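Here the structure is laid out as structure tokens; the discussion comes afterwards.
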Amino acid sequence: MTVPAHGTRGRGRPARVSRDSIIEAARSIPPVDLSMQSVADRLGVDRSTINYHFSDREDLFTAVAAFAFGNEMSGFVAPPVGDWRQWVATYARAVHSALRRHPEFAGYVRLASGADAAAFAPIEGLITALTHAGFSERNMAQSVAYVSEVVHAAARNEILVTSGRHPQGAELDRFFDGQSDDAVPGLRRLVELDPYDHENHFEFAVTMLVAGLETLLPT
């Protein structure tokens with residue numbers, strides 16, 4: 001069966017169920033129970049109706065994540081001044097906070113955006129601030145992408161730590177078990193310090209982001 005592209009009306013497609021109504025129904029279902037069938041049951045339609053709009057559960061989950069994240073980012077408060085450093089830090093903290101408030105969806109947010117134009121305002125402001133600061137178009141584009149990558153990675157690591165030890169910890173334990181007690185002392189000390197669990201870890205990442213981007217500015 002061929003699934004029509006999103007935004008087009010396929011032959012026999014039910015008019016009463018839209019993409020938005022599916023997302024709304026999905027939002028009312030606990031993430032652990034969210035599936036194509038559970039949404040179909042909630043709406044009282046056949047599962048094939050859901051497949052007209054979403055190819056599979058991951059596609060649906062991604063849409064719900066974008067909606068939740070977009071709602072969070074639509075409340076973004078821009079920094080009081082136009083300094084690009086404050087824009088980077090404020091934007092990074094806002095994205096990080098939104099991801100931490102929705103840990104079940106953090107791995108499904110593909111872009112720092114959402115369901116409407118308001119959710120794009122923060123990233124538009126960041127682009128403008130970097131451009132006015134003198135970043136080239138190429139460096140600006142790479143900088144925005146890099147900030148998002150770092151923030152998403154930091155949030156995912158913190159979520160993993162909150163729900164249990166970071167999986168890398170178990171791998172390191174197995175490695176240490178096969179080594180003498182005096183082997184790799186620096187790595188052992190790093191693990192003891194537990195950088196992922198430190199409350200200032202994210203702020204350290206923000207500081208490094210700003211410092212790194214600063215080197216790209218023309219002298």
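All residue names refer to the structure tokens as shown: chains lettered A, B, ... in order, residues numbered from 1 in each chain, ligands numbered from 1 in order.
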Selection near A:Gln37, 9 Å with only C-alpha atoms, sequence-local residues under 5 positions removed, as a list in words: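 In the requested form, the answer reads Arg42, Asp46, Arg47 and Ile50 of chain A.
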Contact residues around stretch 83-92 of chain A with only C-alpha atoms at 10 Å, ignoring same-chain residues under 5 positions, as an mmCIF file with N, CA and C atoms, in the first residue's frame:
data_model
loop_
_atom_site.group_PDB
_atom_site.id
_atom_site.type_symbol
_atom_site.label_atom_id
_atom_site.label_comp_id
_atom_site.auth_asym_id
_atom_site.auth_seq_id
_atom_site.Cartn_x
_atom_site.Cartn_y
_atom_site.Cartn_z
ATOM 1 N N MET A 73 9.849 26.192 23.649
ATOM 2 C CA MET A 73 10.673 27.244 23.062
ATOM 3 C C MET A 73 9.872 28.488 22.698
ATOM 4 N N PHE A 76 10.429 31.367 25.029
ATOM 5 C CA PHE A 76 11.810 31.839 25.141
ATOM 6 C C PHE A 76 11.855 33.350 25.364
ATOM 7 N N VAL A 77 12.695 33.762 26.320
ATOM 8 C CA VAL A 77 12.880 35.186 26.606
ATOM 9 C C VAL A 77 14.267 35.582 26.116
ATOM 10 N N ALA A 78 14.311 36.465 25.133
ATOM 11 C CA ALA A 78 15.585 36.881 24.544
ATOM 12 C C ALA A 78 16.419 37.649 25.554
ATOM 13 N N SER A 97 17.066 23.258 28.923
ATOM 14 C CA SER A 97 15.967 23.183 29.892
ATOM 15 C C SER A 97 14.748 22.504 29.285
ATOM 16 N N PRO A 122 13.660 31.943 18.721
ATOM 17 C CA PRO A 122 14.968 31.875 19.377
ATOM 18 C C PRO A 122 16.117 31.614 18.414
ATOM 19 N N ILE A 123 15.926 30.676 17.505
ATOM 20 C CA ILE A 123 17.008 30.360 16.572
ATOM 21 C C ILE A 123 17.209 31.492 15.561
ATOM 22 N N GLY A 125 16.799 34.642 16.325
ATOM 23 C CA GLY A 125 17.539 35.647 17.092
ATOM 24 C C GLY A 125 19.012 35.305 17.197
ATOM 25 N N LEU A 126 19.298 34.022 17.403
ATOM 26 C CA LEU A 126 20.689 33.575 17.490
ATOM 27 C C LEU A 126 21.404 33.802 16.158
ATOM 28 N N ILE A 127 20.755 33.459 15.051
ATOM 29 C CA ILE A 127 21.342 33.669 13.728
ATOM 30 C C ILE A 127 21.645 35.144 13.502
ATOM 31 N N THR A 128 20.697 35.999 13.863
ATOM 32 C CA THR A 128 20.879 37.440 13.688
ATOM 33 C C THR A 128 22.039 37.953 14.530
ATOM 34 N N ALA A 129 22.106 37.512 15.785
ATOM 35 C CA ALA A 129 23.173 37.969 16.684
ATOM 36 C C ALA A 129 24.547 37.555 16.166
ATOM 37 N N LEU A 130 24.673 36.318 15.699
ATOM 38 C CA LEU A 130 25.958 35.843 15.186
ATOM 39 C C LEU A 130 26.342 36.575 13.897
ATOM 40 N N THR A 131 25.355 36.833 13.056
ATOM 41 C CA THR A 131 25.620 37.546 11.805
ATOM 42 C C THR A 131 26.090 38.970 12.078
ATOM 43 N N HIS A 132 25.402 39.663 12.988
ATOM 44 C CA HIS A 132 25.777 41.032 13.324
ATOM 45 C C HIS A 132 27.148 41.093 13.998
ATOM 46 N N ALA A 133 27.526 40.012 14.675
ATOM 47 C CA ALA A 133 28.829 39.994 15.349
ATOM 48 C C ALA A 133 29.980 39.881 14.355
ATOM 49 N N GLY A 134 29.693 39.490 13.126
ATOM 50 C CA GLY A 134 30.743 39.397 12.120
ATOM 51 C C GLY A 134 31.099 37.989 11.695
ATOM 52 N N SER A 143 28.110 27.132 13.434
ATOM 53 C CA SER A 143 28.042 27.441 14.861
ATOM 54 C C SER A 143 26.677 27.097 15.440
ATOM 55 N N VAL A 144 25.613 27.474 14.733
ATOM 56 C CA VAL A 144 24.257 27.170 15.202
ATOM 57 C C VAL A 144 24.064 25.656 15.297
ATOM 58 N N VAL A 147 26.170 24.319 18.320
ATOM 59 C CA VAL A 147 25.548 24.621 19.613
ATOM 60 C C VAL A 147 24.423 23.627 19.891
ATOM 61 N N SER A 148 23.581 23.374 18.894
ATOM 62 C CA SER A 148 22.476 22.429 19.075
ATOM 63 C C SER A 148 22.986 21.022 19.371
ATOM 64 N N VAL A 150 25.869 20.100 20.769
ATOM 65 C CA VAL A 150 26.456 20.032 22.110
ATOM 66 C C VAL A 150 25.363 20.015 23.175
ATOM 67 N N VAL A 151 24.366 20.886 23.027
ATOM 68 C CA VAL A 151 23.296 20.966 24.022
ATOM 69 C C VAL A 151 22.494 19.674 24.063
ATOM 70 N N HIS A 152 22.147 19.125 22.898
ATOM 71 C CA HIS A 152 21.391 17.874 22.859
ATOM 72 C C HIS A 152 22.190 16.736 23.488
ATOM 73 N N PHE A 202 27.053 21.326 32.614
ATOM 74 C CA PHE A 202 26.467 22.004 31.466
ATOM 75 C C PHE A 202 26.968 23.427 31.338
ATOM 76 N N GLU A 203 27.089 24.134 32.462
ATOM 77 C CA GLU A 203 27.596 25.507 32.389
ATOM 78 C C GLU A 203 29.032 25.531 31.879
ATOM 79 N N ALA A 205 30.100 23.456 29.636
ATOM 80 C CA ALA A 205 29.917 23.282 28.196
ATOM 81 C C ALA A 205 29.559 24.605 27.533
ATOM 82 N N VAL A 206 28.708 25.403 28.178
ATOM 83 C CA VAL A 206 28.324 26.706 27.628
ATOM 84 C C VAL A 206 29.547 27.621 27.544
ATOM 85 N N THR A 207 30.347 27.622 28.595
ATOM 86 C CA THR A 207 31.565 28.444 28.602
ATOM 87 C C THR A 207 32.491 28.049 27.459
ATOM 88 N N LEU A 209 31.643 26.539 24.668
ATOM 89 C CA LEU A 209 31.015 26.895 23.398
ATOM 90 C C LEU A 209 31.341 28.342 23.027
ATOM 91 N N VAL A 210 31.120 29.240 23.972
ATOM 92 C CA VAL A 210 31.361 30.660 23.710
ATOM 93 C C VAL A 210 32.830 30.908 23.398
ATOM 94 N N ALA A 211 33.719 30.302 24.205
ATOM 95 C CA ALA A 211 35.153 30.496 23.994
ATOM 96 C C ALA A 211 35.590 29.960 22.633
ATOM 97 N N LEU A 213 33.670 29.536 19.861
ATOM 98 C CA LEU A 213 33.112 30.333 18.781
ATOM 99 C C LEU A 213 33.851 31.664 18.636
ATOM 100 N N GLU A 214 34.338 32.168 19.730
ATOM 101 C CA GLU A 214 35.047 33.450 19.697
ATOM 102 C C GLU A 214 36.282 33.391 18.794
#
Between atom CA of A:Met208 and atom CA of A:Ala155, distance in Å (one decimal): 15.8 Å
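Near A:Glu104, within 10 Å and counting only C-alpha atoms, sit A:Pro30, A:Pro31, A:Val32, A:Phe61, A:Ala65, A:Ile159; same-chain residues fewer than 6 positions away were not included.
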Distance query A:Val64 at most 12 Å, only C-alpha atoms, self and fewer than 6 positions along chain excluded, as a PyMOL selection string: chain A and resi 19-31+34-35+39+54+57-58+70-71+102+104-110+114-115
Preceding selection exported with N, CA and C atoms as an mmCIF file, in the first residue's frame:
data_model
loop_
_atom_site.group_PDB
_atom_site.id
_atom_site.type_symbol
_atom_site.label_atom_id
_atom_site.label_comp_id
_atom_site.auth_asym_id
_atom_site.auth_seq_id
_atom_site.Cartn_x
_atom_site.Cartn_y
_atom_site.Cartn_z
ATOM 1 N N ARG A 19 -3.656 15.317 10.853
ATOM 2 C CA ARG A 19 -2.348 15.142 11.490
ATOM 3 C C ARG A 19 -2.338 15.800 12.877
ATOM 4 N N ASP A 20 -2.918 16.999 12.971
ATOM 5 C CA ASP A 20 -2.953 17.704 14.255
ATOM 6 C C ASP A 20 -3.778 16.950 15.296
ATOM 7 N N SER A 21 -4.910 16.377 14.856
ATOM 8 C CA SER A 21 -5.753 15.662 15.825
ATOM 9 C C SER A 21 -5.059 14.388 16.303
ATOM 10 N N ILE A 22 -4.244 13.784 15.445
ATOM 11 C CA ILE A 22 -3.489 12.594 15.846
ATOM 12 C C ILE A 22 -2.433 12.968 16.880
ATOM 13 N N ILE A 23 -1.722 14.073 16.628
ATOM 14 C CA ILE A 23 -0.709 14.527 17.585
ATOM 15 C C ILE A 23 -1.354 14.863 18.918
ATOM 16 N N GLU A 24 -2.509 15.533 18.867
ATOM 17 C CA GLU A 24 -3.217 15.886 20.100
ATOM 18 C C GLU A 24 -3.596 14.635 20.886
ATOM 19 N N ALA A 25 -4.081 13.611 20.193
ATOM 20 C CA ALA A 25 -4.440 12.365 20.867
ATOM 21 C C ALA A 25 -3.200 11.690 21.429
ATOM 22 N N ALA A 26 -2.116 11.706 20.673
ATOM 23 C CA ALA A 26 -0.875 11.078 21.123
ATOM 24 C C ALA A 26 -0.333 11.752 22.372
ATOM 25 N N ARG A 27 -0.512 13.063 22.467
ATOM 26 C CA ARG A 27 -0.021 13.803 23.637
ATOM 27 C C ARG A 27 -0.762 13.412 24.920
ATOM 28 N N SER A 28 -1.960 12.876 24.769
ATOM 29 C CA SER A 28 -2.745 12.498 25.949
ATOM 30 C C SER A 28 -2.428 11.089 26.432
ATOM 31 N N ILE A 29 -1.536 10.414 25.720
ATOM 32 C CA ILE A 29 -1.166 9.040 26.070
ATOM 33 C C ILE A 29 0.235 9.037 26.689
ATOM 34 N N PRO A 30 0.444 8.382 27.816
ATOM 35 C CA PRO A 30 1.791 8.319 28.412
ATOM 36 C C PRO A 30 2.795 7.792 27.392
ATOM 37 N N PRO A 31 3.964 8.408 27.292
ATOM 38 C CA PRO A 31 4.951 7.996 26.279
ATOM 39 C C PRO A 31 5.243 6.502 26.267
ATOM 40 N N LEU A 34 2.599 4.881 24.248
ATOM 41 C CA LEU A 34 2.295 5.469 22.948
ATOM 42 C C LEU A 34 2.661 4.532 21.796
ATOM 43 N N SER A 35 1.692 4.258 20.965
ATOM 44 C CA SER A 35 1.906 3.417 19.788
ATOM 45 C C SER A 35 0.891 3.836 18.730
ATOM 46 N N VAL A 39 -3.060 5.208 19.662
ATOM 47 C CA VAL A 39 -3.629 6.456 19.150
ATOM 48 C C VAL A 39 -4.882 6.166 18.332
ATOM 49 N N PHE A 54 1.496 9.146 9.472
ATOM 50 C CA PHE A 54 2.766 8.794 10.102
ATOM 51 C C PHE A 54 3.162 7.374 9.693
ATOM 52 N N ARG A 57 5.846 4.314 14.523
ATOM 53 C CA ARG A 57 5.816 4.906 15.856
ATOM 54 C C ARG A 57 6.883 5.983 16.011
ATOM 55 N N GLU A 58 8.066 5.758 15.450
ATOM 56 C CA GLU A 58 9.139 6.751 15.593
ATOM 57 C C GLU A 58 8.769 8.056 14.906
ATOM 58 N N GLY A 70 8.439 22.586 20.819
ATOM 59 C CA GLY A 70 8.025 23.874 20.275
ATOM 60 C C GLY A 70 7.265 24.706 21.292
ATOM 61 N N ASN A 71 6.408 24.064 22.076
ATOM 62 C CA ASN A 71 5.687 24.777 23.129
ATOM 63 C C ASN A 71 6.646 25.373 24.148
ATOM 64 N N HIS A 102 11.393 17.354 29.231
ATOM 65 C CA HIS A 102 10.709 16.298 28.480
ATOM 66 C C HIS A 102 11.709 15.179 28.160
ATOM 67 N N GLU A 104 11.507 12.054 28.084
ATOM 68 C CA GLU A 104 11.008 10.938 27.288
ATOM 69 C C GLU A 104 11.082 11.231 25.791
ATOM 70 N N PHE A 105 11.147 12.511 25.438
ATOM 71 C CA PHE A 105 11.176 12.888 24.026
ATOM 72 C C PHE A 105 12.531 13.410 23.561
ATOM 73 N N ALA A 106 13.478 13.548 24.493
ATOM 74 C CA ALA A 106 14.750 14.200 24.167
ATOM 75 C C ALA A 106 15.466 13.545 22.987
ATOM 76 N N GLY A 107 15.373 12.231 22.882
ATOM 77 C CA GLY A 107 16.053 11.543 21.797
ATOM 78 C C GLY A 107 15.349 11.638 20.470
ATOM 79 N N TYR A 108 14.164 12.279 20.441
ATOM 80 C CA TYR A 108 13.381 12.348 19.210
ATOM 81 C C TYR A 108 13.308 13.756 18.626
ATOM 82 N N VAL A 109 13.848 14.733 19.343
ATOM 83 C CA VAL A 109 13.836 16.097 18.829
ATOM 84 C C VAL A 109 14.915 16.213 17.772
ATOM 85 N N ARG A 110 14.514 16.429 16.534
ATOM 86 C CA ARG A 110 15.460 16.469 15.420
ATOM 87 C C ARG A 110 15.973 17.868 15.122
ATOM 88 N N GLY A 114 9.490 23.888 16.370
ATOM 89 C CA GLY A 114 8.244 23.336 16.861
ATOM 90 C C GLY A 114 7.117 23.503 15.878
ATOM 91 N N ALA A 115 5.903 23.619 16.395
ATOM 92 C CA ALA A 115 4.741 23.570 15.535
ATOM 93 C C ALA A 115 4.405 24.902 14.873
#
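Atom CA of A:Thr62 is positioned 16.1 Å from atom CA of A:Ser38.
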